[in-house]
>>> print(open('model32.cif').read())   # mmCIF, C-alpha atoms
data_model
#
loop_
_atom_site.group_PDB
_atom_site.id
_atom_site.type_symbol
_atom_site.label_atom_id
_atom_site.label_comp_id
_atom_site.auth_asym_id
_atom_site.auth_seq_id
_atom_site.Cartn_x
_atom_site.Cartn_y
_atom_site.Cartn_z
ATOM 1 C CA MET A 472 24.555 1.804 6.878
ATOM 2 C CA SER A 473 24.723 -1.767 5.755
ATOM 3 C CA ASP A 474 25.469 -3.123 2.320
ATOM 4 C CA ARG A 475 21.940 -4.542 2.170
ATOM 5 C CA SER A 476 20.431 -1.139 2.892
ATOM 6 C CA ASP A 477 22.596 0.483 0.208
ATOM 7 C CA TYR A 478 21.592 -2.225 -2.270
ATOM 8 C CA LEU A 479 17.884 -1.727 -1.579
ATOM 9 C CA LYS A 480 18.202 2.028 -2.009
ATOM 10 C CA SER A 481 19.954 1.558 -5.343
ATOM 11 C CA GLN A 482 17.202 -0.842 -6.466
ATOM 12 C CA ALA A 483 14.534 1.714 -5.567
ATOM 13 C CA LYS A 484 16.413 4.398 -7.503
ATOM 14 C CA LEU A 485 16.717 2.094 -10.514
ATOM 15 C CA ALA A 486 13.001 1.254 -10.426
ATOM 16 C CA ARG A 487 12.153 4.948 -10.418
ATOM 17 C CA ARG A 488 14.441 5.541 -13.399
ATOM 18 C CA LEU A 489 12.748 2.706 -15.286
ATOM 19 C CA MET A 490 9.373 4.300 -14.563
ATOM 20 C CA THR A 491 10.363 7.321 -16.643
ATOM 21 C CA GLY A 492 10.925 5.107 -19.680
ATOM 22 C CA THR A 493 7.537 3.423 -19.901
ATOM 23 C CA ASP A 494 3.926 4.370 -20.514
ATOM 24 C CA ASP A 495 2.556 0.954 -19.517
ATOM 25 C CA PRO A 496 0.280 1.529 -16.497
ATOM 26 C CA MET A 497 0.813 -1.991 -15.156
ATOM 27 C CA ALA A 498 4.598 -1.640 -15.344
ATOM 28 C CA LEU A 499 4.409 1.767 -13.657
ATOM 29 C CA ASP A 500 2.351 0.302 -10.803
ATOM 30 C CA GLN A 501 4.696 -2.655 -10.354
ATOM 31 C CA LEU A 502 7.862 -0.543 -10.465
ATOM 32 C CA GLY A 503 6.366 1.975 -8.063
ATOM 33 C CA GLU A 504 5.381 -0.753 -5.637
ATOM 34 C CA TYR A 505 8.826 -2.342 -5.871
ATOM 35 C CA ALA A 506 10.489 1.023 -5.190
ATOM 36 C CA LYS A 507 8.275 1.545 -2.111
ATOM 37 C CA GLU A 508 9.066 -1.946 -0.811
ATOM 38 C CA CYS A 509 12.811 -1.411 -1.275
ATOM 39 C CA ASP A 510 12.692 1.966 0.465
ATOM 40 C CA GLY A 511 10.667 0.542 3.343
ATOM 41 C CA GLU A 512 12.987 -2.420 3.851
ATOM 42 C CA ALA A 513 16.058 -0.159 3.696
ATOM 43 C CA ARG A 514 14.497 2.079 6.371
ATOM 44 C CA ARG A 515 13.734 -0.933 8.589
ATOM 45 C CA ILE A 516 17.331 -2.136 8.287
ATOM 46 C CA GLU A 517 18.689 1.313 9.145
ATOM 47 C CA ASP A 518 16.303 1.626 12.105
ATOM 48 C CA ASP A 519 17.351 -1.797 13.391
ATOM 49 C CA GLU A 520 21.006 -0.829 13.073
ATOM 50 C CA ALA A 521 20.377 2.451 14.898
ATOM 51 C CA ASP A 522 18.591 0.633 17.741
ATOM 52 C CA ALA A 523 21.259 -2.052 18.091
ATOM 53 C CA PRO A 524 23.781 -1.569 20.860
ATOM 54 C CA ASP A 525 27.291 -0.631 19.827
ATOM 55 C CA PRO A 526 29.580 -3.664 19.608
ATOM 56 C CA VAL A 527 31.983 -4.065 22.482
ATOM 57 C CA ARG A 528 35.602 -3.998 21.433
#
>>> encode(input="model32.cif", output="structure tokens")
Amino acid sequence: MSDRSDYLKSQAKLARRLMTGTDDPMALDQLGEYAKECDGEARRIEDDEADAPDPVR
């Protein structure tokens, strides 16, 4: 896993934690969307890394 993937996962987790602290529907929608985007990008990065050939040493 890359540092970027780890960062995106932590951002998604943070957004979900923030969602528990607000009742504002607009904020909930925005945080939820941000969490989904972070999760999706992290998955794409991990998939790309899994598909990449192993480096030759």
>>> resolve_selection(input="model32.cif", expression="the PyMOL selection byres ((chain A and resi 487-491) around 10)", output="PyMOL selection string")
chain A and resi 481-486+492-496+498-503+505-507
>>> closest_residue(input="model32.cif", among="A:Asp474, A:Asp525, A:Lys480, A:Met497", to="Asp510 in chain A", atoms="only C-alpha atoms")
A:Lys480
>>> axis_aligned_box(input="model32.cif", around="range 483-495 of chain A", padding_each_side="4 Å", output="JSON")
{"center_x": 9.6, "center_y": 4.1, "center_z": -13.0, "size_x": 22.2, "size_y": 14.4, "size_z": 22.9}
>>> atom_distance(input="model32.cif", atom1="CA of Glu520 in chain A", atom2="CA of Glu504 in chain A")
24.4 Å
>>> atom_distance(input="model32.cif", atom1="CA of Asp477 in chain A", atom2="CA of Ala513 in chain A")
7.4 Å
